[in-house]
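Q: What follows is protein19.cif, made up of mmCIF, C-alpha atoms:
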data_target
loop_
_atom_site.group_PDB
_atom_site.id
_atom_site.type_symbol
_atom_site.label_atom_id
_atom_site.label_comp_id
_atom_site.auth_asym_id
_atom_site.auth_seq_id
_atom_site.Cartn_x
_atom_site.Cartn_y
_atom_site.Cartn_z
ATOM 1 C CA THR A 25 -33.893 -20.364 -5.194
ATOM 2 C CA MET A 26 -30.818 -19.385 -7.183
ATOM 3 C CA SER A 27 -31.828 -15.691 -7.307
ATOM 4 C CA GLY A 28 -32.479 -15.664 -3.582
ATOM 5 C CA SER A 29 -29.055 -17.154 -2.928
ATOM 6 C CA ILE A 30 -27.380 -14.535 -5.146
ATOM 7 C CA THR A 31 -29.255 -11.749 -3.360
ATOM 8 C CA ARG A 32 -28.140 -13.032 0.044
ATOM 9 C CA GLU A 33 -24.534 -13.235 -1.166
ATOM 10 C CA ARG A 34 -24.717 -9.660 -2.416
ATOM 11 C CA GLN A 35 -26.166 -8.522 0.893
ATOM 12 C CA ARG A 36 -23.358 -10.307 2.757
ATOM 13 C CA ALA A 37 -20.746 -8.707 0.484
ATOM 14 C CA CYS A 38 -22.265 -5.244 0.970
ATOM 15 C CA ARG A 39 -22.429 -5.683 4.745
ATOM 16 C CA SER A 40 -18.842 -6.927 4.821
ATOM 17 C CA GLU A 41 -17.627 -3.962 2.743
ATOM 18 C CA GLN A 42 -19.560 -1.543 4.959
ATOM 19 C CA ILE A 43 -17.867 -2.968 8.067
ATOM 20 C CA LEU A 44 -14.433 -2.877 6.403
ATOM 21 C CA ALA A 45 -14.847 0.703 5.174
ATOM 22 C CA THR A 46 -16.012 1.809 8.623
ATOM 23 C CA ALA A 47 -13.160 0.013 10.403
ATOM 24 C CA LEU A 48 -10.574 1.437 8.016
ATOM 25 C CA ASP A 49 -11.891 4.958 8.493
ATOM 26 C CA LEU A 50 -11.612 4.594 12.274
ATOM 27 C CA PHE A 51 -8.182 2.936 12.067
ATOM 28 C CA CYS A 52 -6.882 5.770 9.877
ATOM 29 C CA LYS A 53 -8.274 8.522 12.094
ATOM 30 C CA ARG A 54 -6.936 6.923 15.272
ATOM 31 C CA THR A 55 -4.977 3.663 15.667
ATOM 32 C CA ILE A 56 -5.855 -0.018 15.437
ATOM 33 C CA GLU A 57 -5.159 -0.444 19.145
ATOM 34 C CA ASP A 58 -7.524 2.387 20.126
ATOM 35 C CA VAL A 59 -10.502 1.161 18.083
ATOM 36 C CA SER A 60 -12.748 -1.558 19.493
ATOM 37 C CA ILE A 61 -15.016 -3.967 17.654
ATOM 38 C CA GLU A 62 -17.930 -2.349 19.510
ATOM 39 C CA GLU A 63 -17.030 1.060 18.067
ATOM 40 C CA VAL A 64 -16.755 -0.357 14.547
ATOM 41 C CA ALA A 65 -20.179 -1.971 14.944
ATOM 42 C CA LYS A 66 -21.737 1.242 16.240
ATOM 43 C CA HIS A 67 -20.374 3.373 13.389
ATOM 44 C CA ALA A 68 -21.342 0.725 10.829
ATOM 45 C CA GLY A 69 -24.909 0.696 12.142
ATOM 46 C CA THR A 70 -24.844 -2.893 13.261
ATOM 47 C CA GLY A 71 -24.076 -4.988 16.345
ATOM 48 C CA PRO A 72 -20.776 -6.480 17.561
ATOM 49 C CA THR A 73 -22.141 -9.991 17.001
ATOM 50 C CA THR A 74 -22.593 -9.209 13.296
ATOM 51 C CA VAL A 75 -19.027 -7.900 13.022
ATOM 52 C CA TYR A 76 -17.689 -11.044 14.700
ATOM 53 C CA ARG A 77 -19.743 -13.148 12.289
ATOM 54 C CA TYR A 78 -17.659 -11.740 9.432
ATOM 55 C CA PHE A 79 -14.350 -11.192 11.251
ATOM 56 C CA SER A 80 -13.551 -13.442 14.189
ATOM 57 C CA THR A 81 -10.899 -11.139 15.724
ATOM 58 C CA LYS A 82 -9.784 -7.521 15.499
ATOM 59 C CA ALA A 83 -6.559 -8.777 13.928
ATOM 60 C CA GLU A 84 -8.544 -10.390 11.117
ATOM 61 C CA LEU A 85 -10.556 -7.188 10.710
ATOM 62 C CA ALA A 86 -7.367 -5.102 10.497
ATOM 63 C CA VAL A 87 -5.777 -7.400 7.887
ATOM 64 C CA SER A 88 -8.997 -7.539 5.856
ATOM 65 C CA SER A 89 -9.259 -3.726 6.007
ATOM 66 C CA ALA A 90 -5.756 -3.357 4.569
ATOM 67 C CA VAL A 91 -6.556 -5.846 1.784
ATOM 68 C CA PHE A 92 -9.861 -4.085 1.052
ATOM 69 C CA TYR A 93 -8.142 -0.722 0.695
ATOM 70 C CA TRP A 94 -5.342 -1.976 -1.547
ATOM 71 C CA LYS A 95 -7.963 -3.567 -3.806
ATOM 72 C CA THR A 96 -9.885 -0.298 -3.878
ATOM 73 C CA ILE A 97 -6.949 1.879 -4.915
ATOM 74 C CA SER A 98 -4.668 -0.464 -6.881
ATOM 75 C CA GLY A 99 -6.656 -0.252 -10.103
ATOM 76 C CA LYS A 100 -6.883 3.525 -9.748
ATOM 77 C CA TYR A 101 -3.103 3.904 -9.946
ATOM 78 C CA VAL A 102 -1.895 0.818 -11.788
ATOM 79 C CA LYS A 103 -4.202 1.413 -14.774
ATOM 80 C CA LYS A 104 -2.102 4.483 -15.601
ATOM 81 C CA LEU A 105 0.712 2.084 -16.481
ATOM 82 C CA ASP A 106 -1.386 0.500 -19.218
ATOM 83 C CA SER A 107 -1.548 3.683 -21.315
ATOM 84 C CA PRO A 108 0.118 3.821 -24.766
ATOM 85 C CA THR A 109 2.343 6.711 -23.582
ATOM 86 C CA TYR A 110 3.745 4.537 -20.809
ATOM 87 C CA GLN A 111 4.112 1.461 -22.998
ATOM 88 C CA GLU A 112 6.082 3.357 -25.654
ATOM 89 C CA ALA A 113 8.500 4.968 -23.166
ATOM 90 C CA ASP A 114 11.990 3.624 -22.497
ATOM 91 C CA GLY A 115 12.792 1.837 -19.222
ATOM 92 C CA ARG A 116 14.005 4.928 -17.379
ATOM 93 C CA ALA A 117 10.953 6.965 -18.392
ATOM 94 C CA GLN A 118 8.708 4.118 -17.240
ATOM 95 C CA MET A 119 10.478 4.040 -13.863
ATOM 96 C CA GLU A 120 10.028 7.813 -13.592
ATOM 97 C CA GLN A 121 6.287 7.377 -14.147
ATOM 98 C CA ILE A 122 6.210 4.642 -11.495
ATOM 99 C CA MET A 123 7.926 7.023 -9.057
ATOM 100 C CA ASP A 124 5.288 9.633 -9.923
ATOM 101 C CA ILE A 125 2.671 7.092 -8.812
ATOM 102 C CA PHE A 126 4.448 6.632 -5.477
ATOM 103 C CA GLN A 127 4.397 10.404 -5.022
ATOM 104 C CA GLU A 128 0.718 10.646 -5.975
ATOM 105 C CA LEU A 129 -0.054 7.823 -3.559
ATOM 106 C CA PHE A 130 1.688 9.766 -0.799
ATOM 107 C CA GLU A 131 -0.213 12.950 -1.599
ATOM 108 C CA THR A 132 -3.685 11.407 -1.897
ATOM 109 C CA GLU A 133 -3.611 8.412 0.493
ATOM 110 C CA PHE A 134 -1.756 10.030 3.386
ATOM 111 C CA SER A 135 -3.988 8.695 6.182
ATOM 112 C CA PHE A 136 -3.865 5.163 4.780
ATOM 113 C CA LEU A 137 -0.055 5.222 4.743
ATOM 114 C CA LYS A 138 -0.173 6.262 8.404
ATOM 115 C CA PHE A 139 -2.438 3.277 9.054
ATOM 116 C CA LEU A 140 0.034 0.956 7.277
ATOM 117 C CA TYR A 141 2.861 2.215 9.499
ATOM 118 C CA GLU A 142 0.843 1.234 12.573
ATOM 119 C CA PHE A 143 -0.377 -1.949 10.868
ATOM 120 C CA ASP A 144 3.192 -3.246 10.524
ATOM 121 C CA SER A 145 3.744 -2.797 14.262
ATOM 122 C CA PHE A 146 0.396 -4.453 14.976
ATOM 123 C CA ILE A 147 1.398 -7.500 12.884
ATOM 124 C CA MET A 148 4.678 -7.823 14.762
ATOM 125 C CA LYS A 149 3.169 -7.296 18.209
ATOM 126 C CA TYR A 150 0.465 -9.936 17.796
ATOM 127 C CA HIS A 151 2.573 -12.346 15.736
ATOM 128 C CA ILE A 152 0.109 -12.537 12.850
ATOM 129 C CA PRO A 153 1.185 -15.669 10.877
ATOM 130 C CA TRP A 154 2.317 -15.370 7.268
ATOM 131 C CA ASP A 155 -0.567 -17.446 5.916
ATOM 132 C CA ARG A 156 -2.984 -14.806 7.249
ATOM 133 C CA LEU A 157 -1.120 -12.140 5.287
ATOM 134 C CA GLU A 158 -0.978 -13.856 1.877
ATOM 135 C CA GLU A 159 -3.832 -11.858 0.325
ATOM 136 C CA TYR A 160 -2.445 -8.613 1.748
ATOM 137 C CA GLU A 161 0.987 -9.365 0.293
ATOM 138 C CA ALA A 162 -0.558 -10.242 -3.082
ATOM 139 C CA GLN A 163 -2.171 -6.805 -3.273
ATOM 140 C CA ILE A 164 1.112 -5.048 -2.541
ATOM 141 C CA LEU A 165 2.951 -7.167 -5.120
ATOM 142 C CA ASP A 166 0.458 -6.136 -7.811
ATOM 143 C CA LEU A 167 2.874 -3.384 -8.874
ATOM 144 C CA LYS A 168 5.834 -5.770 -9.083
ATOM 145 C CA GLN A 169 5.189 -6.912 -12.670
ATOM 146 C CA TYR A 170 5.259 -3.308 -13.912
ATOM 147 C CA VAL A 171 8.448 -2.420 -12.058
ATOM 148 C CA THR A 172 10.307 -5.557 -13.142
ATOM 149 C CA ARG A 173 9.294 -5.059 -16.786
ATOM 150 C CA ALA A 174 10.450 -1.432 -16.657
ATOM 151 C CA LEU A 175 13.775 -2.467 -15.113
ATOM 152 C CA GLU A 176 14.278 -5.201 -17.722
ATOM 153 C CA LYS A 177 13.359 -2.803 -20.528
ATOM 154 C CA GLY A 178 15.787 -0.201 -19.185
ATOM 155 C CA LEU A 179 18.633 -2.717 -19.159
ATOM 156 C CA ALA A 180 17.776 -3.790 -22.697
ATOM 157 C CA ASP A 181 17.499 -0.287 -24.191
ATOM 158 C CA GLY A 182 20.440 1.157 -22.213
ATOM 159 C CA SER A 183 18.447 3.803 -20.350
ATOM 160 C CA LEU A 184 19.180 2.015 -17.042
ATOM 161 C CA CYS A 185 22.424 0.424 -15.873
ATOM 162 C CA PHE A 186 22.706 -1.710 -12.731
ATOM 163 C CA SER A 187 24.289 -5.030 -11.848
ATOM 164 C CA TRP A 188 21.889 -6.247 -9.166
ATOM 165 C CA SER A 189 19.222 -8.752 -10.121
ATOM 166 C CA VAL A 190 15.843 -7.336 -11.132
ATOM 167 C CA ASP A 191 14.210 -8.946 -8.079
ATOM 168 C CA GLU A 192 16.835 -7.497 -5.723
ATOM 169 C CA THR A 193 16.321 -4.081 -7.255
ATOM 170 C CA TYR A 194 12.516 -4.242 -7.146
ATOM 171 C CA PHE A 195 12.258 -5.283 -3.496
ATOM 172 C CA THR A 196 14.884 -2.800 -2.318
ATOM 173 C CA LEU A 197 13.319 0.048 -4.276
ATOM 174 C CA SER A 198 9.747 -0.692 -3.154
ATOM 175 C CA HIS A 199 10.793 -1.115 0.490
ATOM 176 C CA ILE A 200 12.681 2.175 0.433
ATOM 177 C CA MET A 201 9.757 4.097 -1.022
ATOM 178 C CA LEU A 202 6.938 2.495 0.980
ATOM 179 C CA SER A 203 8.882 2.600 4.262
ATOM 180 C CA LEU A 204 9.769 6.254 3.751
ATOM 181 C CA MET A 205 6.202 7.175 2.819
ATOM 182 C CA GLN A 206 4.703 5.326 5.786
ATOM 183 C CA LYS A 207 7.166 6.821 8.272
ATOM 184 C CA LEU A 208 6.705 10.363 6.979
ATOM 185 C CA ALA A 209 2.925 9.975 7.073
ATOM 186 C CA ALA A 210 3.021 8.715 10.670
ATOM 187 C CA VAL A 211 5.798 10.746 12.316
ATOM 188 C CA GLY A 212 7.165 13.043 9.621
ATOM 189 C CA ARG A 213 6.401 16.209 11.588
ATOM 190 C CA LEU A 214 7.755 15.072 14.942
ATOM 191 C CA LEU A 215 10.588 17.629 15.312
ATOM 192 C CA PRO A 216 10.854 21.350 14.405
ATOM 193 C CA SER A 217 13.621 20.560 11.897
ATOM 194 C CA ASP A 218 11.187 18.292 10.033
ATOM 195 C CA GLU A 219 9.505 21.433 8.690
ATOM 196 C CA ARG A 220 12.580 22.525 6.718
ATOM 197 C CA VAL A 221 11.752 20.340 3.729
ATOM 198 C CA SER A 222 8.149 19.409 2.974
ATOM 199 C CA LEU A 223 7.217 15.747 3.279
ATOM 200 C CA PHE A 224 6.016 15.665 -0.326
ATOM 201 C CA ARG A 225 9.306 17.140 -1.525
ATOM 202 C CA GLN A 226 11.247 14.456 0.351
ATOM 203 C CA VAL A 227 9.295 11.663 -1.346
ATOM 204 C CA LYS A 228 9.910 13.255 -4.752
ATOM 205 C CA ILE A 229 13.650 13.624 -4.076
ATOM 206 C CA ALA A 230 13.895 10.008 -2.879
ATOM 207 C CA GLY A 231 12.344 8.798 -6.126
ATOM 208 C CA GLU A 232 14.671 10.936 -8.215
ATOM 209 C CA LEU A 233 17.728 9.701 -6.287
ATOM 210 C CA LEU A 234 16.717 6.091 -6.888
ATOM 211 C CA ILE A 235 16.320 6.738 -10.616
ATOM 212 C CA LEU A 236 19.769 8.365 -10.691
ATOM 213 C CA GLY A 237 21.207 5.314 -8.939
ATOM 214 C CA LEU A 238 19.594 2.988 -11.468
ATOM 215 C CA SER A 239 21.032 5.096 -14.287
ATOM 216 C CA ASN A 240 24.601 5.072 -12.921
ATOM 217 C CA THR A 241 26.972 3.870 -15.626
ATOM 218 C CA GLN A 242 29.759 3.101 -13.149
ATOM 219 C CA ARG A 243 30.295 -0.475 -11.976
ATOM 220 C CA GLN A 244 27.961 -1.436 -9.135
ATOM 221 C CA SER A 245 28.278 -4.285 -6.627
#
Would you write out, as structure tokens, the structure that this file holds?
A:
Amino acid sequence: TMSGSITRERQRACRSEQILATALDLFCKRTIEDVSIEEVAKHAGTGPTTVYRYFSTKAELAVSSAVFYWKTISGKYVKKLDSPTYQEADGRAQMEQIMDIFQELFETEFSFLKFLYEFDSFIMKYHIPWDRLEEYEAQILDLKQYVTRALEKGLADGSLCFSWSVDETYFTLSHIMLSLMQKLAAVGRLLPSDERVSLFRQVKIAGELLILGLSNTQRQS
């Protein structure tokens, strides 16, 4: 029956989410390489065969875990950019609020950023093809529309001044921030000198420096 089919689909979705949440928790606490499908199954209260029924390889499980997490948190942060206060602000003020979100992400999703640092290496090591990463990339690009609109607004109202294209600026800015956050989360306390400035302070300063660069009235090339 139709209701029976819907129930089975819901059960499949719940089981899939349970496996993903369990895998992500293990990946964040340790590393992707160190976690086996058997361990994920055990912690999820199921068998390895069931995990493989949903995710044919550990690589697929790792990619799906990253997608699952981005979906979980994206609305939590992005919805702040739909508020009237944000909408009424000039371009620079909007970019400052976007940088605040990067900082909040670093403070509250520290273990996930560490996972993403290792995830990038995992992708490279096992040559995960681009078509397998399309959904993951789409989740990351969810913020792009907000950043590009803020940059365009800043150029229009004079609160920002830069000569690069909006796309060039967005990708460079997002790569700088995400790469810095991931590296600091993974190996930010590697050396004694790393303790001189807190990791959170470094992320805040990086955001402020980028805003200053976007507000530079001198000719840029």
Q: I'd like the residues picked by the PyMOL selection byres ((chain A and resi 143) around 12) written out as a ChimeraX atom specification, using the chain letters and numbers from the file.
A: /A:48,51-52,54-57,82-91,136-142,144-152,157,160,206-207,210
Q: What would the list of residues within 10 Å of (19.7, -1.9, -7.8) (file frame) look like as a list in words, if only C-alpha atoms are what count?
A: Leu175, Cys185, Phe186, Ser187, Trp188, Ser189, Val190, Asp191, Glu192, Thr193, Tyr194, Phe195, Thr196, Leu197, Leu234, Ile235, Gly237, Leu238, Ser239, Asn240, Gln244 and Ser245 of chain A
Q: Which residue is closest to Gly212 (chain A)? Choose from A:Tyr110, A:Phe79, A:Phe126, A:Phe134 and count only C-alpha atoms.
A: A:Phe134
Q: Looking at A:Gln169, A:Thr132, A:Thr81, A:Ser203, which one is nearest to Ser60 (chain A), with distances taken over only C-alpha atoms?
A: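 Among the listed residues, the smallest separation from Ser60 (chain A) belongs to A:Thr81.
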Q: For Ser135 (chain A), which of A:Ala37, A:Leu233, A:Leu50, A:Leu204 is the closest residue, counting only C-alpha atoms?
A: A:Leu50
Q: As a check of understanding, name the residues that the PyMOL selection byres ((chain A and resi 224) around 8) selects in the supplied structure, as a PDB file with C-alpha atoms, keeping the file's coordinate frame.
A:
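Okay, this is what ended up in result-v8.pdb:
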ATOM      1  CA  GLN A 127       4.397  10.404  -5.022  1.00  0.00           C
ATOM      2  CA  PHE A 130       1.688   9.766  -0.799  1.00  0.00           C
ATOM      3  CA  GLU A 131      -0.213  12.950  -1.599  1.00  0.00           C
ATOM      4  CA  SER A 222       8.149  19.409   2.974  1.00  0.00           C
ATOM      5  CA  LEU A 223       7.217  15.747   3.279  1.00  0.00           C
ATOM      6  CA  ARG A 225       9.306  17.140  -1.525  1.00  0.00           C
ATOM      7  CA  GLN A 226      11.247  14.456   0.351  1.00  0.00           C
ATOM      8  CA  VAL A 227       9.295  11.663  -1.346  1.00  0.00           C
ATOM      9  CA  LYS A 228       9.910  13.255  -4.752  1.00  0.00           C
TER      10      LYS A 228
END
Q: Can you work out the spacing between CA of Ala65 (chain A) and CA of Val211 (chain A) in Å, to one decimal?
A: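 Taking CA of Ala65 (chain A) as the start and CA of Val211 (chain A) as the end point, the length is 29.0 Å.
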Q: Under the PyMOL selection byres ((chain A and resi 174) around 10), which residues of this model are included? Write them out as a PDB file with C-alpha atoms, in the coordinates of the input.
A:
ATOM      1  CA  TYR A 110       3.745   4.537 -20.809  1.00  0.00           C
ATOM      2  CA  GLN A 111       4.112   1.461 -22.998  1.00  0.00           C
ATOM      3  CA  ALA A 113       8.500   4.968 -23.166  1.00  0.00           C
ATOM      4  CA  ASP A 114      11.990   3.624 -22.497  1.00  0.00           C
ATOM      5  CA  GLY A 115      12.792   1.837 -19.222  1.00  0.00           C
ATOM      6  CA  ARG A 116      14.005   4.928 -17.379  1.00  0.00           C
ATOM      7  CA  ALA A 117      10.953   6.965 -18.392  1.00  0.00           C
ATOM      8  CA  GLN A 118       8.708   4.118 -17.240  1.00  0.00           C
ATOM      9  CA  MET A 119      10.478   4.040 -13.863  1.00  0.00           C
ATOM     10  CA  GLU A 120      10.028   7.813 -13.592  1.00  0.00           C
ATOM     11  CA  ILE A 122       6.210   4.642 -11.495  1.00  0.00           C
ATOM     12  CA  LYS A 168       5.834  -5.770  -9.083  1.00  0.00           C
ATOM     13  CA  GLN A 169       5.189  -6.912 -12.670  1.00  0.00           C
ATOM     14  CA  TYR A 170       5.259  -3.308 -13.912  1.00  0.00           C
ATOM     15  CA  VAL A 171       8.448  -2.420 -12.058  1.00  0.00           C
ATOM     16  CA  THR A 172      10.307  -5.557 -13.142  1.00  0.00           C
ATOM     17  CA  ARG A 173       9.294  -5.059 -16.786  1.00  0.00           C
ATOM     18  CA  LEU A 175      13.775  -2.467 -15.113  1.00  0.00           C
ATOM     19  CA  GLU A 176      14.278  -5.201 -17.722  1.00  0.00           C
ATOM     20  CA  LYS A 177      13.359  -2.803 -20.528  1.00  0.00           C
ATOM     21  CA  GLY A 178      15.787  -0.201 -19.185  1.00  0.00           C
ATOM     22  CA  LEU A 179      18.633  -2.717 -19.159  1.00  0.00           C
ATOM     23  CA  ALA A 180      17.776  -3.790 -22.697  1.00  0.00           C
ATOM     24  CA  LEU A 184      19.180   2.015 -17.042  1.00  0.00           C
ATOM     25  CA  VAL A 190      15.843  -7.336 -11.132  1.00  0.00           C
TER      26      VAL A 190
END
Q: Report, in Å to a single decimal, how far apart CA of Leu44 (chain A) and CA of Phe92 (chain A) are.
A: 7.1 Å
Q: Build an axis-aligned box that encloses every atom of region 153-160 of chain A listed in the file, pad it by 4 Å on each side, and report its centre and edge lengths in Å to one decimal, as lines of an AutoDock Vina configuration file.
A:
center_x = -0.8
center_y = -13.0
center_z = 5.6
size_x = 14.1
size_y = 16.8
size_z = 18.6
Q: Have a look at A:Thr46, A:Gln163, A:Thr70, A:Ser198 and name the one nearest to Ile125 (chain A); count only C-alpha atoms.
A: A:Ser198
Q: So how many Å separate CA of Glu159 (chain A) and CA of Val64 (chain A), to one decimal?
A: 22.4 Å
